[in-house]
Every structure is written in C-alpha cells, then in structure tokens.
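Asks: Okay, so here is final_17.cif, and as you'll see once you scroll down, it has mmCIF, C-alpha atoms.
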```cif
data_input
loop_
_atom_site.label_atom_id
_atom_site.label_comp_id
_atom_site.auth_asym_id
_atom_site.auth_seq_id
_atom_site.Cartn_x
_atom_site.Cartn_y
_atom_site.Cartn_z
CA MET A 20 55.58 -125.49 -87.23
CA SER A 21 54.68 -123.32 -90.18
CA LYS A 22 52.13 -124.36 -92.74
CA TRP A 23 54.71 -123.44 -95.40
CA PRO A 24 57.64 -125.72 -96.26
CA LEU A 25 60.94 -124.68 -94.73
CA PRO A 26 63.40 -123.33 -97.33
CA GLU A 27 66.24 -125.78 -97.96
CA PRO A 28 69.00 -123.43 -96.73
CA MET A 29 67.25 -122.99 -93.39
CA ARG A 30 66.72 -126.72 -93.11
CA LEU A 31 70.49 -127.13 -93.62
CA ALA A 32 71.22 -124.45 -91.01
CA LEU A 33 68.98 -126.29 -88.52
CA GLU A 34 70.88 -129.52 -89.27
CA GLN A 35 74.09 -127.66 -88.48
CA ALA A 36 72.56 -126.40 -85.23
CA ARG A 37 71.71 -129.99 -84.25
CA ALA A 38 75.28 -131.08 -85.06
CA GLY A 39 76.57 -128.33 -82.80
CA GLU A 40 74.24 -129.44 -80.03
CA SER A 41 75.57 -133.00 -80.38
CA ALA A 42 79.07 -131.59 -79.90
CA GLY A 43 77.99 -129.80 -76.70
CA GLU A 44 77.77 -126.36 -78.31
CA VAL A 45 74.86 -123.93 -78.21
CA PRO A 46 72.69 -125.11 -81.15
CA ILE A 47 73.12 -122.40 -83.76
CA GLY A 48 73.82 -123.19 -87.40
CA ALA A 49 74.71 -121.11 -90.43
CA VAL A 50 74.88 -121.71 -94.18
CA VAL A 51 76.33 -119.49 -96.93
CA ILE A 52 74.65 -119.81 -100.33
CA ARG A 53 75.66 -118.28 -103.66
CA ASP A 54 73.59 -118.70 -106.80
CA GLY A 55 71.63 -121.47 -105.11
CA VAL A 56 74.75 -123.48 -104.21
CA VAL A 57 75.93 -124.16 -100.67
CA ILE A 58 79.40 -122.60 -100.32
CA ALA A 59 79.90 -123.22 -96.59
CA ALA A 60 78.05 -124.45 -93.52
CA SER A 61 78.95 -124.45 -89.85
CA HIS A 62 77.66 -124.57 -86.32
CA ASN A 63 78.69 -122.83 -83.15
CA ALA A 64 82.06 -124.11 -81.91
CA PRO A 65 83.59 -121.65 -79.43
CA ARG A 66 84.01 -124.35 -76.77
CA GLY A 67 85.44 -126.97 -79.09
CA LEU A 68 87.77 -124.52 -80.82
CA ARG A 69 88.53 -122.64 -77.59
CA ASP A 70 87.80 -119.53 -79.62
CA PRO A 71 85.30 -116.89 -78.48
CA THR A 72 84.81 -115.87 -82.13
CA GLY A 73 83.78 -119.42 -83.07
CA HIS A 74 80.17 -118.48 -83.76
CA ALA A 75 78.37 -120.33 -86.57
CA GLU A 76 78.15 -117.20 -88.73
CA ILE A 77 81.85 -116.34 -88.39
CA LEU A 78 82.95 -119.89 -89.17
CA ALA A 79 80.65 -120.12 -92.20
CA ILE A 80 81.81 -116.72 -93.48
CA ARG A 81 85.48 -117.72 -93.08
CA ALA A 82 84.92 -121.00 -94.91
CA ALA A 83 83.00 -119.28 -97.72
CA ALA A 84 85.73 -116.65 -98.16
CA GLN A 85 88.33 -119.42 -98.41
CA ALA A 86 86.19 -121.41 -100.87
CA LEU A 87 85.59 -118.37 -103.08
CA GLY A 88 89.11 -116.98 -102.69
CA ASN A 89 87.79 -113.56 -101.73
CA GLU A 90 87.00 -111.78 -98.45
CA ARG A 91 84.04 -110.10 -100.13
CA LEU A 92 81.07 -112.41 -100.37
CA ASP A 93 79.16 -110.31 -102.89
CA GLY A 94 75.96 -111.98 -104.02
CA CYS A 95 76.00 -114.46 -101.12
CA GLU A 96 73.19 -115.20 -98.70
CA LEU A 97 73.70 -116.15 -95.06
CA TRP A 98 71.05 -118.35 -93.47
CA VAL A 99 71.33 -118.65 -89.69
CA THR A 100 69.10 -120.09 -87.00
CA LEU A 101 69.37 -117.16 -84.55
CA GLU A 102 69.53 -113.39 -84.92
CA PRO A 103 73.24 -112.51 -85.19
CA CYS A 104 75.07 -110.82 -82.31
CA ALA A 105 76.99 -107.57 -82.78
CA MET A 106 80.24 -109.38 -83.64
CA CYS A 107 78.56 -111.50 -86.30
CA ALA A 108 76.56 -108.58 -87.69
CA GLY A 109 79.83 -106.66 -88.06
CA ALA A 110 81.39 -109.60 -89.91
CA ILE A 111 78.32 -109.84 -92.18
CA ALA A 112 78.71 -106.16 -93.07
CA HIS A 113 82.46 -106.46 -93.70
CA ALA A 114 81.94 -109.58 -95.85
CA ARG A 115 79.33 -107.69 -97.91
CA ILE A 116 76.75 -110.46 -97.55
CA ALA A 117 73.85 -109.55 -99.85
CA ARG A 118 71.00 -111.14 -97.89
CA LEU A 119 70.66 -112.34 -94.31
CA TYR A 120 67.94 -114.81 -93.33
CA TYR A 121 67.58 -115.73 -89.68
CA ALA A 122 65.04 -117.93 -87.96
CA ALA A 123 64.60 -116.85 -84.33
CA ALA A 124 64.91 -113.35 -82.92
CA ASP A 125 67.29 -112.86 -79.98
CA PRO A 126 66.07 -110.04 -77.71
CA LYS A 127 68.94 -110.67 -75.25
CA GLY A 128 71.96 -110.88 -77.57
CA GLY A 129 70.80 -110.08 -81.09
CA ALA A 130 72.08 -106.99 -82.86
CA VAL A 131 69.99 -106.83 -86.02
CA GLU A 132 66.43 -106.07 -84.84
CA HIS A 133 67.41 -105.85 -81.16
CA GLY A 134 70.21 -104.30 -79.13
CA ALA A 135 72.87 -102.54 -81.19
CA ARG A 136 70.97 -102.78 -84.49
CA VAL A 137 74.32 -102.77 -86.27
CA PHE A 138 73.00 -102.36 -89.81
CA GLU A 139 71.12 -99.17 -88.90
CA HIS A 140 74.26 -97.25 -87.88
CA GLU A 141 75.64 -94.57 -90.16
CA GLN A 142 79.09 -96.13 -89.66
CA CYS A 143 77.93 -99.45 -91.09
CA LEU A 144 79.44 -99.51 -94.58
CA HIS A 145 77.19 -102.27 -95.90
CA ALA A 146 73.81 -103.54 -94.78
CA PRO A 147 72.33 -106.73 -96.22
CA GLU A 148 68.69 -107.25 -96.99
CA VAL A 149 67.29 -108.89 -93.85
CA TYR A 150 64.53 -111.49 -93.60
CA SER A 151 63.50 -113.19 -90.38
CA GLY A 152 61.13 -115.78 -89.02
CA MET A 153 61.56 -118.77 -91.36
CA GLY A 154 62.07 -121.79 -89.11
CA GLU A 155 61.63 -119.64 -86.00
CA ALA A 156 59.62 -122.16 -83.97
CA GLU A 157 62.06 -125.01 -84.59
CA ALA A 158 65.18 -122.90 -83.95
CA ALA A 159 63.70 -121.42 -80.77
CA ALA A 160 62.69 -124.89 -79.53
CA LEU A 161 66.23 -126.21 -80.09
CA LEU A 162 67.68 -123.39 -78.00
CA ARG A 163 65.01 -123.58 -75.31
CA ASP A 164 65.47 -127.36 -74.91
CA PHE A 165 69.28 -127.02 -74.90
CA PHE A 166 69.29 -124.51 -72.07
CA LYS A 167 66.48 -126.22 -70.15
CA ALA A 168 68.53 -129.44 -70.06
CA ARG A 169 71.45 -127.53 -68.52
CA ARG A 170 69.54 -125.81 -65.71
#
```
Would you mind writing the file out in structure tokens?
Replies:
Amino acid sequence: MSKWPLPEPMRLALEQARAGESAGEVPIGAVVIRDGVVIAASHNAPRGLRDPTGHAEILAIRAAAQALGNERLDGCELWVTLEPCAMCAGAIAHARIARLYYAAADPKGGAVEHGARVFEHEQCLHAPEVYSGMGEAEAAALLRDFFKARR
C-alpha cells in the first residue's frame, strides 16, 4: 500500500473490480469522471454479457456517452484498475477521453505503455494524458489472487 491516500475515483474503480470478481469476472473496474462528478462506472462483464467487448472501460465509456448524450467524452477522465488493452485504448481515443489513469501495468495484454502502444501511433487521432501507478499494489493483488484461485 502507498503512503499516500488513494484518489477517490481509483477507490471507486477498485470497488467495481471487486464487484466484477464477485460476479465471476476478471476483477477490473473503470470509472468515468467529468468535472469531479462520476458519470459512469463498470466492471468487466464479458462472461455475464456473453460479449467479448464487455471490458470495464468499454462499458463505462458506453454508459458515459449515453448519460452525456454525446459519443465524444471531451473533458472526461477514465480511471481503470489495469492498463487498457488495444481495443479499450482505441475506444478511449475515439471517445476523446482527456485523461487516463490506470493502476497496474499489464505487460502481457496492455497497449498503452506495453505492446501496441496505441496512443503513440501516428494514426491515433487523439491521445489522452496518461497517468499510471495509483492503486497499483491493490489492483495487482486483486488480479493475482483471482487467477491464483483458478489454477
């Protein structure tokens, strides 16, 4: 655990991750914030929804777009417990998310600081400001314990 208090949006994203875990999903949570207000929150749900695009980030982005009545989430922040994959990074770019905060890095499937590095491509039409590491230990422990229990 960090010596600094966990920012409220990341605490909420971790709560979402735990809710997903309780539902039998990989424990990843996401929260969309605009002007300090929670617009949407979700957890991974591809199994429950029978939808391979049912990642926490995608579901939170969809809900935020519906709530705001606009596919562009200008000025919004996305807080997520794990480094987004290529699909989610693409959705973040298309939604025009202003800032992305993620807790744990994902060397195997991440596409922000690892793998595809989606936001670094010339073809990427929008790249958010990216901040990582807040809540990393807790998010990584949730994932590690989830997969350990299934081996």
Asks: Of the candidates A:Pro103, A:Gly73, A:Gly67, A:Gly55, which one gets nearest to A:Ala135 if we count only C-alpha atoms?
Replies: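 The shortest atom-to-atom distance to A:Ala135 comes from A:Pro103.
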Asks: Have a look at A:Asn63, A:Ser151, A:Gln142, A:Ser41 and name the one nearest to A:Leu78; count only C-alpha atoms.
Replies: A:Asn63
Asks: For each of A:Ala38, A:Cys107, A:Val57, A:Leu92, take the minimum atom-to-atom distance to A:His74, counting all atoms listed in the file, then give the residue where this is smallest.
Replies: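 Among the listed residues, A:Cys107 lies closest to A:His74.
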Asks: What does the structure give for the distance between atom CA of A:Thr72 and atom CA of A:Leu25, in Å to one decimal?
Replies: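 The value is 28.4 Å.
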Asks: May I ask which of the residues A:Ala84, A:Ala114, A:Ala158, A:Val51 is the closest one to A:Glu102, counting only C-alpha atoms?
Replies: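 Going through A:Ala84, A:Ala114, A:Ala158, A:Val51 one by one, the smallest distance to A:Glu102 is for A:Ala158.
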Asks: Could you check which of A:Ala83, A:Ala32, A:Ala160, A:Glu40 is closest to A:Tyr121, using only C-alpha atoms?
Replies: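 Distance minimum relative to A:Tyr121 lands on A:Ala32.
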Asks: What does the distance between atom CA of A:Leu31 and atom CA of A:Glu139 come to in Å, to one decimal place?
Replies: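 These two atoms are separated by 28.4 Å.
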Asks: Just want the 9 Å neighbourhood of A:Leu33, counted on all atoms listed in the file, with same-chain residues fewer than 3 positions away dropped. Output as a PDB file with C-alpha atoms, in the frame of the given file.
Replies:
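Written output follows (around-v5.pdb):
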```pdb
ATOM      1  CA  PRO A  28      69.000-123.430 -96.730  1.00  0.00           C
ATOM      2  CA  MET A  29      67.250-122.990 -93.390  1.00  0.00           C
ATOM      3  CA  ARG A  30      66.720-126.720 -93.110  1.00  0.00           C
ATOM      4  CA  ALA A  36      72.560-126.400 -85.230  1.00  0.00           C
ATOM      5  CA  ARG A  37      71.710-129.990 -84.250  1.00  0.00           C
ATOM      6  CA  ALA A  38      75.280-131.080 -85.060  1.00  0.00           C
ATOM      7  CA  PRO A  46      72.690-125.110 -81.150  1.00  0.00           C
ATOM      8  CA  ILE A  47      73.120-122.400 -83.760  1.00  0.00           C
ATOM      9  CA  GLY A  48      73.820-123.190 -87.400  1.00  0.00           C
ATOM     10  CA  ALA A  49      74.710-121.110 -90.430  1.00  0.00           C
ATOM     11  CA  VAL A  99      71.330-118.650 -89.690  1.00  0.00           C
ATOM     12  CA  THR A 100      69.100-120.090 -87.000  1.00  0.00           C
ATOM     13  CA  GLY A 154      62.070-121.790 -89.110  1.00  0.00           C
ATOM     14  CA  GLU A 157      62.060-125.010 -84.590  1.00  0.00           C
ATOM     15  CA  ALA A 158      65.180-122.900 -83.950  1.00  0.00           C
ATOM     16  CA  LEU A 161      66.230-126.210 -80.090  1.00  0.00           C
TER      17      LEU A 161
END
```
Asks: Would you mind telling me which residue in A:Leu101, A:Val56, A:Val137, A:Leu68 lies nearest to A:Gly152 when using only C-alpha atoms?
Replies: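 Once distances to A:Gly152 are computed over only C-alpha atoms, the minimum belongs to A:Leu101.
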Asks: Could you tell me, as a short mmCIF file (atom, residue, chain, number, x, y, z; two decimals) with C-alpha atoms, keeping the file's coordinate frame, which residues have any atom at most 6 Å from (76.1, -106.9, -82.1), counting all atoms listed in the file?
Replies:
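After the write, point14.cif holds the following:
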```
data_model
loop_
_atom_site.label_atom_id
_atom_site.label_comp_id
_atom_site.auth_asym_id
_atom_site.auth_seq_id
_atom_site.Cartn_x
_atom_site.Cartn_y
_atom_site.Cartn_z
CA CYS A 104 75.07 -110.82 -82.31
CA ALA A 105 76.99 -107.57 -82.78
CA MET A 106 80.24 -109.38 -83.64
CA ALA A 108 76.56 -108.58 -87.69
CA ALA A 130 72.08 -106.99 -82.86
CA ALA A 135 72.87 -102.54 -81.19
#
```
Asks: For this structure, which residues satisfy the selection - the PyMOL selection byres ((chain A and resi 86) around 12) - when it is evaluated on the file as given? I want them as a PyMOL selection string.
Replies: chain A and resi 51-53+57-60+79-85+87-92
Asks: Check which residues satisfy the PyMOL selection byres ((chain A and resi 145-149) around 7) in the file shown, then give them as a list of chain:residue names.
Replies: A:Ala112, A:Arg115, A:Ile116, A:Ala117, A:Arg118, A:Leu119, A:Tyr120, A:Phe138, A:Cys143, A:Leu144, A:Tyr150, A:Ser151
Asks: One decimal, in Å: what's the spacing between atom CA of A:Glu141 and atom CA of A:Trp98?
Replies: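 Separation of atom CA of A:Glu141 and atom CA of A:Trp98: 24.4 Å.
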Asks: On this file, the PyMOL selection byres ((chain A and resi 125) around 10) gives some set of residues; write that set as a list in words.
Replies: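 Taken on the displayed file, the PyMOL selection byres ((chain A and resi 125) around 10) yields the residues Leu101, Glu102, Pro103, Cys104, Ala122, Ala123, Ala124, Pro126, Lys127, Gly128, Gly129, Ala130, Val131, Glu132, His133, Gly134 and Ala159 of chain A.
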Asks: Missing atoms in stretch 23-42 of chain A: can you complete it with N, CA and C atoms, as an mmCIF file, in the frame of the given file?
Replies:
```cif
data_model
loop_
_atom_site.group_PDB
_atom_site.id
_atom_site.type_symbol
_atom_site.label_atom_id
_atom_site.label_comp_id
_atom_site.auth_asym_id
_atom_site.auth_seq_id
_atom_site.Cartn_x
_atom_site.Cartn_y
_atom_site.Cartn_z
ATOM 1 N N TRP A 23 53.913 -123.524 -94.180
ATOM 2 C CA TRP A 23 54.710 -123.440 -95.400
ATOM 3 C C TRP A 23 55.950 -124.317 -95.264
ATOM 4 N N PRO A 24 56.412 -124.903 -96.363
ATOM 5 C CA PRO A 24 57.640 -125.720 -96.260
ATOM 6 C C PRO A 24 58.837 -124.835 -95.913
ATOM 7 N N LEU A 25 59.729 -125.394 -95.135
ATOM 8 C CA LEU A 25 60.940 -124.680 -94.730
ATOM 9 C C LEU A 25 61.893 -124.606 -95.916
ATOM 10 N N PRO A 26 62.433 -123.419 -96.228
ATOM 11 C CA PRO A 26 63.400 -123.330 -97.330
ATOM 12 C C PRO A 26 64.605 -124.230 -97.065
ATOM 13 N N GLU A 27 65.123 -124.851 -98.084
ATOM 14 C CA GLU A 27 66.240 -125.780 -97.960
ATOM 15 C C GLU A 27 67.437 -125.192 -97.210
ATOM 16 N N PRO A 28 67.861 -123.957 -97.487
ATOM 17 C CA PRO A 28 69.000 -123.430 -96.730
ATOM 18 C C PRO A 28 68.745 -123.349 -95.228
ATOM 19 N N MET A 29 67.528 -123.040 -94.819
ATOM 20 C CA MET A 29 67.250 -122.990 -93.390
ATOM 21 C C MET A 29 67.189 -124.392 -92.807
ATOM 22 N N ARG A 30 66.703 -125.330 -93.568
ATOM 23 C CA ARG A 30 66.720 -126.720 -93.110
ATOM 24 C C ARG A 30 68.161 -127.165 -92.865
ATOM 25 N N LEU A 31 69.067 -126.795 -93.773
ATOM 26 C CA LEU A 31 70.490 -127.130 -93.620
ATOM 27 C C LEU A 31 71.091 -126.426 -92.400
ATOM 28 N N ALA A 32 70.713 -125.181 -92.169
ATOM 29 C CA ALA A 32 71.220 -124.450 -91.010
ATOM 30 C C ALA A 32 70.730 -125.118 -89.709
ATOM 31 N N LEU A 33 69.498 -125.582 -89.695
ATOM 32 C CA LEU A 33 68.980 -126.290 -88.520
ATOM 33 C C LEU A 33 69.710 -127.613 -88.306
ATOM 34 N N GLU A 34 70.074 -128.302 -89.399
ATOM 35 C CA GLU A 34 70.880 -129.520 -89.270
ATOM 36 C C GLU A 34 72.231 -129.199 -88.652
ATOM 37 N N GLN A 35 72.821 -128.082 -89.063
ATOM 38 C CA GLN A 35 74.090 -127.660 -88.480
ATOM 39 C C GLN A 35 73.918 -127.367 -86.991
ATOM 40 N N ALA A 36 72.827 -126.712 -86.637
ATOM 41 C CA ALA A 36 72.560 -126.400 -85.230
ATOM 42 C C ALA A 36 72.481 -127.690 -84.415
ATOM 43 N N ARG A 37 71.810 -128.700 -84.947
ATOM 44 C CA ARG A 37 71.710 -129.990 -84.250
ATOM 45 C C ARG A 37 73.081 -130.641 -84.107
ATOM 46 N N ALA A 38 73.917 -130.528 -85.135
ATOM 47 C CA ALA A 38 75.280 -131.080 -85.060
ATOM 48 C C ALA A 38 76.070 -130.367 -83.963
ATOM 49 N N GLY A 39 75.905 -129.067 -83.860
ATOM 50 C CA GLY A 39 76.570 -128.330 -82.800
ATOM 51 C C GLY A 39 76.093 -128.780 -81.429
ATOM 52 N N GLU A 40 74.803 -128.973 -81.304
ATOM 53 C CA GLU A 40 74.240 -129.440 -80.030
ATOM 54 C C GLU A 40 74.848 -130.788 -79.655
ATOM 55 N N SER A 41 74.977 -131.682 -80.630
ATOM 56 C CA SER A 41 75.570 -133.000 -80.380
ATOM 57 C C SER A 41 77.008 -132.894 -79.901
ATOM 58 N N ALA A 42 77.684 -131.819 -80.299
ATOM 59 C CA ALA A 42 79.070 -131.590 -79.900
ATOM 60 C C ALA A 42 79.160 -130.800 -78.580
#
```
